[in-house]
Amino acid sequence: MSPFTSVSSLLRSPVSDGQVSLRGWIYRTRSSGKIVFAVVRDSTGIIQVTIKKGNLPDEQFQEAVSASIESSVEVTGTMHQDGRAPGGYEVRASSFKVVGPALPFPITEYQSEELLLDNRHLWIRSREQTAVMKVKATLLAGAREWLAENEFTEVTPPIFTQNACEGGVTLFKLKYFDREAYLSQSAQMYLESLIFSLEKVYSITPSFRAEKSRTPRHLTEYWHMELEEAWVDNDGNMKIQEELVSAMVAKVLKERREELELLKRDIEPLKAVVPPFKRLRYSDMIELLKKKGFDIEFGADLGAVEERAITEEEVAPVFVTNFPKECKAFYMKEDPEDPRTYKCADLLAPFGFGEVIGGSERETDLNKILQRLEAAGIPEDPYRWYLDLRRYGSVPHSGFGLGVERIAKWVCNLEHIRDAIPYPRTVARVYP
């Protein structure tokens, strides 16, 4: 066993007698002659370490005096209660070792967003970024737990592809040996092929969209959780979504209260994220927006402003169903009760955070898909294998894609989606 104890363990179970050892990085430090106050952080939290001249060898005291922010250190000492210290305790050092000294740190208080992005490899050490990453990891853990309990199988679809799922204009094209290929926008079509053996499948993969969007909710590379389910219609698809999202949020509320508190996230609204979620037909939403003063007609797609107007007073997510065909992709199932629309739904996060999930029942009629491809001028050849799924034993099925960073942005109450991913890729940024 390691002789070192994590900061969270020390604060959770303070050691009143005997020595403790910890290691981490200097978060803050100040010196006043014969005493150094260093706040040390590790992956679990921060704790104050007091290094007093005479309590340890002089050369170690001098190391502590000269150690700068972000130096990695190992400390041994005794714990004492101190209401002025973070967490209410401090460690009074009897041994202090600098493992990796640090140059003057280039990030100080009140830096510009561009400087923080240029130094992202250093800024991800911040406590805020650490908290976001832990919340995001717990969201994924909550999802995987729910999916396992509900007999979904995780699969690993390809990232290189020769067909578009969401439209050719937003594809990243690349040379794949002697032919053209693309980075995947979505694993959906490959997941559809796997329902014929596994019935209920999901994947968590990176997706790529060459959209020149400069908004607080768009990335060119993001993580995509996608599900496909055999024998499920659009209503069943929405039920899966609301139960999955509720389980993810519940997991965070159970395990990440400290991180939410550090991010100043009010947890009360998150407690309202329980099924069933409100359902609102697209046509009814258009009328509601008109009453709010929007100049909008049936057939218009939703933007951030419209989504915000619909959800700004909601505390739980809202489904918008039955979008017009012109707004959505060719593979969706036509609604026989309203042939202008597809049997589909977008899930909008509350308080204006916008779309976090897009899903639909999938079209199983081969002729209808062929007609749509022809009408849209989309070549049939790259989709031959996908069309085979309708030729050989097709079944009613549905699926959806969840933007992991969008969920994290909402749950953490972040202003910009770039803070929901360690290294954001946007129109303007691919470094570091």
# chains A, B, ... in the order shown; residues from 1 in each chain; ligands from 1
>>> closest_atom_pairs(of="region 248-308 of chain A", to="region 314-329 of chain A", cutoff="6 Å", atoms="only C-alpha atoms", output="Markdown table")
| residue | atom | partner | partner_atom | distance |
| --- | --- | --- | --- | --- |
| A:Pro269 | CA | A:Val315 | CA | 5.6 |
| A:Ala272 | CA | A:Ala316 | CA | 6.0 |
| A:Val273 | CA | A:Ala316 | CA | 5.1 |
| A:Phe277 | CA | A:Val318 | CA | 5.7 |
| A:Lys278 | CA | A:Val318 | CA | 5.0 |
| A:Arg279 | CA | A:Phe319 | CA | 4.7 |
| A:Leu280 | CA | A:Val320 | CA | 4.9 |
| A:Arg281 | CA | A:Thr321 | CA | 4.7 |
| A:Tyr282 | CA | A:Phe323 | CA | 5.6 |
| A:Gly299 | CA | A:Pro324 | CA | 5.7 |
| A:Asp301 | CA | A:Cys327 | CA | 5.8 |
>>> write_last_selection(atoms="C-alpha atoms", output="mmCIF file, in the first residue's frame")
data_model
loop_
_atom_site.group_PDB
_atom_site.id
_atom_site.type_symbol
_atom_site.label_atom_id
_atom_site.label_comp_id
_atom_site.auth_asym_id
_atom_site.auth_seq_id
_atom_site.Cartn_x
_atom_site.Cartn_y
_atom_site.Cartn_z
ATOM 1 C CA PRO A 269 -33.508 22.247 -10.124
ATOM 2 C CA ALA A 272 -36.686 17.896 -10.612
ATOM 3 C CA VAL A 273 -35.099 15.860 -13.414
ATOM 4 C CA PHE A 277 -40.667 14.852 -19.209
ATOM 5 C CA LYS A 278 -43.088 17.284 -20.823
ATOM 6 C CA ARG A 279 -43.919 16.607 -24.493
ATOM 7 C CA LEU A 280 -44.695 19.462 -26.902
ATOM 8 C CA ARG A 281 -45.530 18.982 -30.570
ATOM 9 C CA TYR A 282 -43.555 21.130 -32.990
ATOM 10 C CA GLY A 299 -41.160 24.424 -41.409
ATOM 11 C CA ASP A 301 -35.831 24.858 -37.775
#
>>> select_by_dssp(residues="region 73-293 of chain A", states="strand (DSSP E)", output="ChimeraX atom specification")
/A:73-81,89-100,153-154,160-161,173-176,179-183,200-208,221-230,278-281
>>> residues_around(residues="Arg429 (chain A)", least_positions_apart="3", cutoff="10 Å", atoms="only C-alpha atoms", output="PyMOL selection string")
chain A and resi 117-118+219-220+423-426+432
>>> closest_atom_pairs(of="region 185-266 of chain A", to="region 390-409 of chain A", cutoff="6 Å", atoms="only C-alpha atoms", output="CSV")
residue,atom,partner,partner_atom,distance
A:Trp223,CA,A:Val404,CA,5.6
A:His224,CA,A:Gly403,CA,5.1
A:Met225,CA,A:Leu402,CA,5.0
A:Glu226,CA,A:Gly401,CA,4.3
A:Leu227,CA,A:Gly399,CA,5.2
A:Glu228,CA,A:Gly399,CA,4.1
A:Glu229,CA,A:Ser398,CA,5.5
A:Ala230,CA,A:His397,CA,4.4
A:Trp231,CA,A:Pro396,CA,5.1
A:Val232,CA,A:His397,CA,5.0
A:Asp233,CA,A:Ser398,CA,5.9
>>> write_last_selection(atoms="N, CA, C and O atoms", output="PDB file, in the first residue's frame")
ATOM      1  N   TRP A 223     -18.082  14.270 -27.943  1.00  0.00           N
ATOM      2  CA  TRP A 223     -18.350  12.872 -27.599  1.00  0.00           C
ATOM      3  C   TRP A 223     -19.840  12.607 -27.673  1.00  0.00           C
ATOM      4  O   TRP A 223     -20.654  13.376 -27.159  1.00  0.00           O
ATOM      5  N   HIS A 224     -20.171  11.504 -28.335  1.00  0.00           N
ATOM      6  CA  HIS A 224     -21.532  11.200 -28.753  1.00  0.00           C
ATOM      7  C   HIS A 224     -21.953   9.869 -28.145  1.00  0.00           C
ATOM      8  O   HIS A 224     -21.306   8.847 -28.394  1.00  0.00           O
ATOM      9  N   MET A 225     -22.980   9.895 -27.332  1.00  0.00           N
ATOM     10  CA  MET A 225     -23.567   8.654 -26.832  1.00  0.00           C
ATOM     11  C   MET A 225     -24.784   8.356 -27.692  1.00  0.00           C
ATOM     12  O   MET A 225     -25.720   9.150 -27.743  1.00  0.00           O
ATOM     13  N   GLU A 226     -24.761   7.200 -28.375  1.00  0.00           N
ATOM     14  CA  GLU A 226     -25.838   6.882 -29.310  1.00  0.00           C
ATOM     15  C   GLU A 226     -26.411   5.508 -29.014  1.00  0.00           C
ATOM     16  O   GLU A 226     -25.680   4.565 -28.691  1.00  0.00           O
ATOM     17  N   LEU A 227     -27.718   5.403 -29.131  1.00  0.00           N
ATOM     18  CA  LEU A 227     -28.446   4.170 -28.860  1.00  0.00           C
ATOM     19  C   LEU A 227     -29.307   3.812 -30.061  1.00  0.00           C
ATOM     20  O   LEU A 227     -29.834   4.703 -30.749  1.00  0.00           O
ATOM     21  N   GLU A 228     -29.451   2.518 -30.310  1.00  0.00           N
ATOM     22  CA  GLU A 228     -30.439   2.005 -31.261  1.00  0.00           C
ATOM     23  C   GLU A 228     -31.124   0.809 -30.613  1.00  0.00           C
ATOM     24  O   GLU A 228     -30.471  -0.013 -29.959  1.00  0.00           O
ATOM     25  N   GLU A 229     -32.442   0.723 -30.844  1.00  0.00           N
ATOM     26  CA  GLU A 229     -33.223  -0.295 -30.147  1.00  0.00           C
ATOM     27  C   GLU A 229     -34.216  -0.944 -31.112  1.00  0.00           C
ATOM     28  O   GLU A 229     -35.030  -0.255 -31.733  1.00  0.00           O
ATOM     29  N   ALA A 230     -34.132  -2.268 -31.263  1.00  0.00           N
ATOM     30  CA  ALA A 230     -35.115  -3.012 -32.055  1.00  0.00           C
ATOM     31  C   ALA A 230     -36.443  -3.091 -31.311  1.00  0.00           C
ATOM     32  O   ALA A 230     -36.484  -3.069 -30.077  1.00  0.00           O
ATOM     33  N   TRP A 231     -37.537  -3.146 -32.090  1.00  0.00           N
ATOM     34  CA  TRP A 231     -38.884  -3.322 -31.560  1.00  0.00           C
ATOM     35  C   TRP A 231     -39.352  -2.132 -30.724  1.00  0.00           C
ATOM     36  O   TRP A 231     -40.222  -2.271 -29.868  1.00  0.00           O
ATOM     37  N   VAL A 232     -38.779  -0.956 -30.925  1.00  0.00           N
ATOM     38  CA  VAL A 232     -39.131   0.235 -30.135  1.00  0.00           C
ATOM     39  C   VAL A 232     -39.646   1.321 -31.070  1.00  0.00           C
ATOM     40  O   VAL A 232     -39.017   1.632 -32.091  1.00  0.00           O
ATOM     41  N   ASP A 233     -40.794   1.916 -30.722  1.00  0.00           N
ATOM     42  CA  ASP A 233     -41.326   3.037 -31.511  1.00  0.00           C
ATOM     43  C   ASP A 233     -40.862   4.359 -30.916  1.00  0.00           C
ATOM     44  O   ASP A 233     -40.091   4.382 -29.938  1.00  0.00           O
TER      45      ASP A 233
END
>>> closest_residue(among="A:Leu147, A:Ile51, A:Met238, A:Leu139", to="Lys200 (chain A)", atoms="only C-alpha atoms")
A:Leu147
>>> select_by_dssp(residues="region 15-244 of chain A", states="alpha helix (DSSP H)", output="VMD selection string")
chain A and resid 58 to 66 113 to 118 120 to 123 127 to 149 188 to 198 234 to 244
>>> residues_around(residues="Lys264 (chain A)", least_positions_apart="4", cutoff="9 Å", atoms="only C-alpha atoms", output="PyMOL selection string")
chain A and resi 259-260+412-413
>>> residues_around(residues="Phe172 (chain A)", least_positions_apart="4", cutoff="6 Å", atoms="only C-alpha atoms", output="PDB file with N, CA, C and O atoms, in the first residue's frame")
ATOM      1  N   TYR A 182     -14.475  10.004 -44.772  1.00  0.00           N
ATOM      2  CA  TYR A 182     -14.882  11.096 -43.894  1.00  0.00           C
ATOM      3  C   TYR A 182     -14.719  10.675 -42.434  1.00  0.00           C
ATOM      4  O   TYR A 182     -14.746   9.485 -42.111  1.00  0.00           O
ATOM      5  N   LEU A 183     -14.572  11.672 -41.583  1.00  0.00           N
ATOM      6  CA  LEU A 183     -14.674  11.419 -40.149  1.00  0.00           C
ATOM      7  C   LEU A 183     -16.153  11.341 -39.790  1.00  0.00           C
ATOM      8  O   LEU A 183     -16.966  12.138 -40.258  1.00  0.00           O
ATOM      9  N   ALA A 210     -18.236  19.578 -39.370  1.00  0.00           N
ATOM     10  CA  ALA A 210     -17.530  20.720 -39.956  1.00  0.00           C
ATOM     11  C   ALA A 210     -18.475  21.907 -40.086  1.00  0.00           C
ATOM     12  O   ALA A 210     -18.662  22.470 -41.165  1.00  0.00           O
TER      13      ALA A 210
END
>>> residues_around(residues="Trp146 (chain A)", least_positions_apart="6", cutoff="9 Å", atoms="only C-alpha atoms", output="NGL selection string")
:A and (152 or 243-244 or 247-248)
>>> write_last_selection(atoms="all heavy atoms", output="compact mmCIF listing (two decimals), in the first residue's frame")
# COMPACT_ATOMS: atom_id res chain seq x y z
N PHE A 152 -28.63 -3.22 -22.53
CA PHE A 152 -28.00 -2.68 -23.72
C PHE A 152 -26.57 -3.19 -23.79
O PHE A 152 -25.89 -3.33 -22.76
CB PHE A 152 -27.98 -1.15 -23.68
CG PHE A 152 -29.28 -0.51 -24.09
CD1 PHE A 152 -30.33 -0.40 -23.20
CD2 PHE A 152 -29.44 0.00 -25.38
CE1 PHE A 152 -31.53 0.19 -23.58
CE2 PHE A 152 -30.63 0.59 -25.76
CZ PHE A 152 -31.68 0.69 -24.87
N GLU A 243 -35.55 8.21 -18.97
CA GLU A 243 -35.05 7.38 -17.87
C GLU A 243 -33.53 7.40 -17.82
O GLU A 243 -32.94 7.44 -16.73
CB GLU A 243 -35.58 5.95 -18.03
CG GLU A 243 -37.07 5.83 -17.78
CD GLU A 243 -37.56 4.40 -17.81
OE1 GLU A 243 -36.71 3.48 -17.97
OE2 GLU A 243 -38.78 4.19 -17.66
N LEU A 244 -32.89 7.38 -18.98
CA LEU A 244 -31.43 7.43 -19.04
C LEU A 244 -30.91 8.75 -18.48
O LEU A 244 -30.02 8.76 -17.62
CB LEU A 244 -30.97 7.25 -20.48
CG LEU A 244 -29.47 7.45 -20.76
CD1 LEU A 244 -28.64 6.40 -20.04
CD2 LEU A 244 -29.20 7.42 -22.27
N ALA A 247 -31.31 9.01 -14.76
CA ALA A 247 -30.34 8.18 -14.04
C ALA A 247 -28.97 8.85 -14.01
O ALA A 247 -28.26 8.80 -12.99
CB ALA A 247 -30.25 6.81 -14.69
N MET A 248 -28.59 9.49 -15.10
CA MET A 248 -27.30 10.18 -15.16
C MET A 248 -27.25 11.33 -14.15
O MET A 248 -26.28 11.48 -13.40
CB MET A 248 -27.05 10.71 -16.57
CG MET A 248 -26.88 9.62 -17.61
SD MET A 248 -26.98 10.22 -19.33
CE MET A 248 -25.41 11.10 -19.47
>>> residues_around(residues="Glu128 (chain A)", least_positions_apart="3", cutoff="8 Å", atoms="only C-alpha atoms", output="list in words")
Ala131, Val132, Leu262 and Leu263 of chain A
>>> closest_residue(among="A:Gly100, A:Pro157, A:Gly77, A:Pro336", to="Thr50 (chain A)", atoms="only C-alpha atoms")
A:Gly77
>>> atom_distance(atom1="CA of Ala137 (chain A)", atom2="CA of Lys254 (chain A)")
13.4 Å
>>> closest_residue(among="A:Tyr331, A:Lys173, A:Ile69, A:Gly45", to="Arg12 (chain A)", atoms="only C-alpha atoms")
A:Gly45
>>> atom_distance(atom1="CA of Gly142 (chain A)", atom2="CA of Tyr222 (chain A)")
18.9 Å
>>> closest_residue(among="A:Glu306, A:Glu313, A:Asp381, A:Asp235", to="Ala345 (chain A)", atoms="only C-alpha atoms")
A:Asp235
>>> closest_residue(among="A:Leu122, A:Ser6, A:Lys251, A:Val411", to="Glu268 (chain A)", atoms="only C-alpha atoms")
A:Val411
>>> closest_residue(among="A:Val245, A:Leu171, A:Ile107, A:Ile195", to="Trp410 (chain A)", atoms="only C-alpha atoms")
A:Val245
>>> atom_distance(atom1="CA of Asp338 (chain A)", atom2="CA of Glu297 (chain A)")
16.7 Å
